[in-house]
Amino acid sequence: MKGNDLDDNYRHKGLRKKLVEELRSKGIRSEDVLDAINKVPRHLFMDTGFLNYAYKDQAFPIGAGQTISQPYTVAFQTELLDVKKGDKVLEIGTGSGYQTAVLLELGARVFTIERQKELFLNSQALLTRLGYHPRFFYGDGYKGLPAFAPFDKILITAAAAEIPDTLIRQLKTGGILVAPVGGETQEMTRVIKHGRDDIEITKHGYFVFVPMMKGTSYKK
Ligand code: SAH
């Protein structure tokens, strides 16, 4: 790291501690998840002009019509995913890269896909500078990454109209997929794959995400 544009000072750290306490009071229980949130400098994932919003529990625009998810939502999805050290995790919707960093702090090996070229390039540059090393893919998350399957966990961070079958197929037996499923508002859905044709689905409340889109932002 060079220069102070990636500054993470005592003020940021103090604000982050407060955010962690807020998430705890809202019901996030996993100490591992709270620790991960406490470690990731969320302000660096947003435009500098929005610094004052970085540690509020709110979603925020990140360009290309997309948003960085609300910290509570990131924590909630991550908790449902039950990430263990060394888990091979497929993330769909890199966006700002914030959720990716949280997964990496939990010790996961992360494969992350983004369909918007600008966000793909920006998050790749930023995460690399911050010392986070997922494997980055530019493409359509609906297809998953068959060449790298199966995964222990799959996390979708955009609203899916339904649970994509292709992705369930790329999950290991015993694996977990978490996705917001629905139209204008979505139900947070967790799928546990007990066997090839044996999946257990549970619902965990309503959220609002930007839609999961087919294809990529650039025509071939
Ligand atoms: N996890 C992100 C949240 C980003 S919002 C963060 O922490 O910032 C959802 C992201 O999903 C957007 O960047 C959007 O471009 C992306 N997306 C939507 N449909 C997709 C698809 N089919 N494949 C890959 N990414 C997709």
# chains A, B, ... in the order shown; residues from 1 in each chain; ligands from 1
>>> residues_near_ligand(ligand="ligand 1", cutoff="6 Å", atoms="only C-alpha atoms and all ligand atoms", output="list in words")
Gln66, Thr67, Ile68, Ser69, Ile92, Gly93, Thr94, Gly95, Ser96, Gly97, Tyr98, Gln99, Ile113, Glu114, Arg115, Gln116, Asp140, Gly141, Tyr142, Thr157, Ala158, Val210, Pro211, Met212, Met213 and Lys214 of chain A
>>> residues_around(residues="range 102-111 of chain A", least_positions_apart="3", cutoff="7 Å", atoms="only C-alpha atoms", output="number ranges by chain")
A: 32, 36-37, 40, 83-91, 98-99, 134-136
>>> write_last_selection(atoms="all heavy atoms", output="compact mmCIF listing (two decimals), in the first residue's frame")
# COMPACT_ATOMS: atom_id res chain seq x y z
N ASP A 32 -17.61 -14.85 14.52
CA ASP A 32 -16.70 -14.88 13.36
C ASP A 32 -17.14 -13.86 12.31
O ASP A 32 -16.31 -13.14 11.75
CB ASP A 32 -16.69 -16.28 12.72
CG ASP A 32 -16.00 -17.30 13.61
OD1 ASP A 32 -15.29 -16.89 14.56
OD2 ASP A 32 -16.17 -18.51 13.36
N ALA A 36 -15.17 -10.42 11.21
CA ALA A 36 -14.83 -10.15 9.80
C ALA A 36 -15.29 -8.74 9.42
O ALA A 36 -14.55 -7.98 8.79
CB ALA A 36 -15.45 -11.20 8.89
N ILE A 37 -16.52 -8.38 9.84
CA ILE A 37 -17.03 -7.03 9.55
C ILE A 37 -16.12 -5.98 10.21
O ILE A 37 -15.84 -4.92 9.65
CB ILE A 37 -18.48 -6.86 10.10
CG1 ILE A 37 -19.42 -7.88 9.45
CG2 ILE A 37 -18.97 -5.42 9.96
CD1 ILE A 37 -20.09 -7.46 8.18
N VAL A 40 -12.89 -5.39 7.91
CA VAL A 40 -12.89 -4.87 6.53
C VAL A 40 -13.19 -3.36 6.51
O VAL A 40 -14.23 -2.92 6.99
CB VAL A 40 -13.92 -5.63 5.65
CG1 VAL A 40 -13.89 -5.09 4.22
CG2 VAL A 40 -13.62 -7.13 5.66
N VAL A 83 -19.97 -20.04 6.89
CA VAL A 83 -18.65 -20.22 6.26
C VAL A 83 -17.63 -20.79 7.24
O VAL A 83 -17.50 -20.31 8.37
CB VAL A 83 -18.13 -18.85 5.73
CG1 VAL A 83 -16.74 -19.02 5.11
CG2 VAL A 83 -19.10 -18.25 4.74
N LYS A 84 -16.94 -21.82 6.81
CA LYS A 84 -15.86 -22.41 7.60
C LYS A 84 -14.53 -22.12 6.91
O LYS A 84 -14.49 -22.02 5.68
CB LYS A 84 -16.03 -23.94 7.69
CG LYS A 84 -17.40 -24.38 8.19
CD LYS A 84 -17.42 -24.43 9.71
CE LYS A 84 -18.66 -25.10 10.24
NZ LYS A 84 -19.71 -24.16 10.62
N LYS A 85 -13.47 -22.04 7.71
CA LYS A 85 -12.13 -21.83 7.14
C LYS A 85 -11.86 -22.86 6.04
O LYS A 85 -12.13 -24.04 6.22
CB LYS A 85 -11.08 -22.04 8.23
CG LYS A 85 -10.38 -20.79 8.61
CD LYS A 85 -9.10 -21.03 9.38
CE LYS A 85 -8.58 -19.70 9.88
NZ LYS A 85 -9.36 -19.13 10.98
N GLY A 86 -11.37 -22.38 4.91
CA GLY A 86 -11.01 -23.30 3.82
C GLY A 86 -12.17 -23.63 2.90
O GLY A 86 -11.97 -24.26 1.86
N ASP A 87 -13.40 -23.22 3.25
CA ASP A 87 -14.54 -23.45 2.36
C ASP A 87 -14.27 -22.84 0.99
O ASP A 87 -13.74 -21.73 0.88
CB ASP A 87 -15.82 -22.78 2.92
CG ASP A 87 -16.63 -23.70 3.80
OD1 ASP A 87 -16.25 -24.87 3.98
OD2 ASP A 87 -17.67 -23.22 4.33
N LYS A 88 -14.71 -23.57 -0.03
CA LYS A 88 -14.61 -23.05 -1.39
C LYS A 88 -15.96 -22.39 -1.69
O LYS A 88 -16.99 -23.07 -1.72
CB LYS A 88 -14.37 -24.25 -2.30
CG LYS A 88 -13.98 -23.93 -3.70
CD LYS A 88 -13.59 -25.25 -4.37
CE LYS A 88 -13.73 -25.17 -5.85
NZ LYS A 88 -13.64 -26.52 -6.45
N VAL A 89 -15.94 -21.07 -1.83
CA VAL A 89 -17.18 -20.31 -1.94
C VAL A 89 -17.29 -19.62 -3.30
O VAL A 89 -16.35 -18.96 -3.74
CB VAL A 89 -17.26 -19.22 -0.83
CG1 VAL A 89 -18.54 -18.42 -0.96
CG2 VAL A 89 -17.17 -19.85 0.56
N LEU A 90 -18.44 -19.79 -3.94
CA LEU A 90 -18.74 -19.07 -5.17
C LEU A 90 -19.64 -17.90 -4.82
O LEU A 90 -20.70 -18.08 -4.22
CB LEU A 90 -19.44 -20.00 -6.17
CG LEU A 90 -19.99 -19.33 -7.44
CD1 LEU A 90 -18.87 -18.74 -8.30
CD2 LEU A 90 -20.78 -20.35 -8.28
N GLU A 91 -19.19 -16.68 -5.17
CA GLU A 91 -20.00 -15.49 -4.92
C GLU A 91 -20.46 -14.92 -6.25
O GLU A 91 -19.65 -14.73 -7.16
CB GLU A 91 -19.18 -14.42 -4.18
CG GLU A 91 -19.98 -13.15 -3.94
CD GLU A 91 -19.14 -11.94 -3.54
OE1 GLU A 91 -17.97 -11.85 -3.99
OE2 GLU A 91 -19.63 -11.09 -2.82
N TYR A 98 -16.98 -5.64 -1.37
CA TYR A 98 -17.04 -5.63 0.10
C TYR A 98 -17.40 -7.01 0.68
O TYR A 98 -16.72 -7.54 1.55
CB TYR A 98 -18.04 -4.57 0.57
CG TYR A 98 -18.22 -4.57 2.08
CD1 TYR A 98 -17.18 -4.17 2.91
CD2 TYR A 98 -19.41 -5.01 2.66
CE1 TYR A 98 -17.32 -4.20 4.29
CE2 TYR A 98 -19.56 -5.02 4.04
CZ TYR A 98 -18.52 -4.62 4.85
OH TYR A 98 -18.67 -4.66 6.20
N GLN A 99 -18.46 -7.60 0.15
CA GLN A 99 -18.86 -8.93 0.63
C GLN A 99 -17.74 -9.96 0.39
O GLN A 99 -17.51 -10.84 1.22
CB GLN A 99 -20.15 -9.34 -0.08
CG GLN A 99 -20.55 -10.79 0.09
CD GLN A 99 -21.24 -11.09 1.42
OE1 GLN A 99 -22.37 -10.69 1.65
NE2 GLN A 99 -20.52 -11.79 2.30
N PRO A 134 -9.23 -13.08 -3.97
CA PRO A 134 -10.19 -14.07 -4.49
C PRO A 134 -9.79 -14.39 -5.92
O PRO A 134 -8.84 -13.80 -6.45
CB PRO A 134 -11.51 -13.31 -4.48
CG PRO A 134 -11.11 -11.90 -4.75
CD PRO A 134 -9.76 -11.71 -4.09
N ARG A 135 -10.49 -15.32 -6.56
CA ARG A 135 -10.32 -15.47 -8.01
C ARG A 135 -11.47 -14.72 -8.66
O ARG A 135 -12.62 -14.92 -8.31
CB ARG A 135 -10.31 -16.94 -8.38
CG ARG A 135 -9.08 -17.57 -7.74
CD ARG A 135 -8.81 -18.95 -8.22
NE ARG A 135 -8.58 -19.01 -9.66
CZ ARG A 135 -8.15 -20.13 -10.25
NH1 ARG A 135 -7.90 -21.20 -9.52
NH2 ARG A 135 -7.97 -20.17 -11.55
N PHE A 136 -11.12 -13.80 -9.57
CA PHE A 136 -12.10 -12.92 -10.20
C PHE A 136 -12.56 -13.46 -11.55
O PHE A 136 -11.73 -13.90 -12.34
CB PHE A 136 -11.48 -11.54 -10.45
CG PHE A 136 -11.06 -10.81 -9.22
CD1 PHE A 136 -9.75 -10.87 -8.76
CD2 PHE A 136 -11.97 -10.03 -8.51
CE1 PHE A 136 -9.35 -10.17 -7.63
CE2 PHE A 136 -11.58 -9.33 -7.37
CZ PHE A 136 -10.27 -9.40 -6.94
>>> atom_distance(atom1="CA of Arg190 in chain A", atom2="CA of Leu177 in chain A")
5.7 Å
>>> atom_distance(atom1="CA of Val33 in chain A", atom2="CA of Tyr55 in chain A")
16.0 Å
>>> residues_around(residues="His12 in chain A", least_positions_apart="6", cutoff="12 Å", atoms="only C-alpha atoms", output="PyMOL selection string")
chain A and resi 6+18-19+38-44+51-56
>>> select_by_dssp(residues="range 91-126 of chain A", states="helix (DSSP H, G or I)", output="list in words")
Tyr98, Gln99, Thr100, Ala101, Val102, Leu103, Leu104, Glu105, Lys117, Glu118, Leu119, Phe120, Leu121, Asn122, Ser123, Gln124, Ala125 and Leu126 of chain A
>>> residues_around(residues="Glu200 in chain A", least_positions_apart="6", cutoff="9 Å", atoms="only C-alpha atoms", output="JSON, numbers by chain")
{"A": [190, 191, 192, 193, 194]}
>>> write_last_selection(atoms="all heavy atoms", output="mmCIF file, in the first residue's frame")
data_model
loop_
_atom_site.group_PDB
_atom_site.id
_atom_site.type_symbol
_atom_site.label_atom_id
_atom_site.label_comp_id
_atom_site.auth_asym_id
_atom_site.auth_seq_id
_atom_site.Cartn_x
_atom_site.Cartn_y
_atom_site.Cartn_z
ATOM 1 N N ARG A 190 -32.409 -20.099 1.932
ATOM 2 C CA ARG A 190 -31.232 -20.949 2.112
ATOM 3 C C ARG A 190 -31.552 -22.352 1.629
ATOM 4 O O ARG A 190 -32.582 -22.930 1.989
ATOM 5 C CB ARG A 190 -30.801 -20.999 3.571
ATOM 6 C CG ARG A 190 -29.631 -21.978 3.756
ATOM 7 C CD ARG A 190 -28.897 -21.799 5.022
ATOM 8 N NE ARG A 190 -29.708 -22.201 6.152
ATOM 9 C CZ ARG A 190 -29.252 -22.230 7.401
ATOM 10 N NH1 ARG A 190 -28.016 -21.855 7.657
ATOM 11 N NH2 ARG A 190 -30.029 -22.601 8.372
ATOM 12 N N VAL A 191 -30.669 -22.863 0.806
ATOM 13 C CA VAL A 191 -30.832 -24.217 0.281
ATOM 14 C C VAL A 191 -29.703 -25.075 0.840
ATOM 15 O O VAL A 191 -28.530 -24.720 0.701
ATOM 16 C CB VAL A 191 -30.735 -24.219 -1.262
ATOM 17 C CG1 VAL A 191 -30.897 -25.633 -1.809
ATOM 18 C CG2 VAL A 191 -31.768 -23.281 -1.874
ATOM 19 N N ILE A 192 -30.062 -26.180 1.479
ATOM 20 C CA ILE A 192 -29.038 -27.138 1.895
ATOM 21 C C ILE A 192 -29.189 -28.349 0.986
ATOM 22 O O ILE A 192 -30.287 -28.885 0.836
ATOM 23 C CB ILE A 192 -29.192 -27.544 3.378
ATOM 24 C CG1 ILE A 192 -29.148 -26.296 4.275
ATOM 25 C CG2 ILE A 192 -28.084 -28.522 3.779
ATOM 26 C CD1 ILE A 192 -29.314 -26.566 5.761
ATOM 27 N N LYS A 193 -28.082 -28.747 0.368
ATOM 28 C CA LYS A 193 -28.141 -29.879 -0.563
ATOM 29 C C LYS A 193 -27.747 -31.158 0.173
ATOM 30 O O LYS A 193 -26.583 -31.364 0.489
ATOM 31 C CB LYS A 193 -27.186 -29.614 -1.731
ATOM 32 C CG LYS A 193 -27.197 -30.686 -2.797
ATOM 33 C CD LYS A 193 -26.373 -30.225 -3.994
ATOM 34 C CE LYS A 193 -26.244 -31.306 -5.044
ATOM 35 N NZ LYS A 193 -25.481 -30.828 -6.206
ATOM 36 N N HIS A 194 -28.744 -31.979 0.469
ATOM 37 C CA HIS A 194 -28.473 -33.231 1.183
ATOM 38 C C HIS A 194 -28.049 -34.339 0.233
ATOM 39 O O HIS A 194 -27.387 -35.293 0.614
ATOM 40 C CB HIS A 194 -29.711 -33.678 1.970
ATOM 41 C CG HIS A 194 -30.071 -32.714 3.074
ATOM 42 N ND1 HIS A 194 -29.220 -32.432 4.106
ATOM 43 C CD2 HIS A 194 -31.189 -31.966 3.286
ATOM 44 C CE1 HIS A 194 -29.796 -31.551 4.919
ATOM 45 N NE2 HIS A 194 -30.987 -31.246 4.439
#
>>> atom_distance(atom1="CA of Gly175 in chain A", atom2="CA of Asp197 in chain A")
13.0 Å
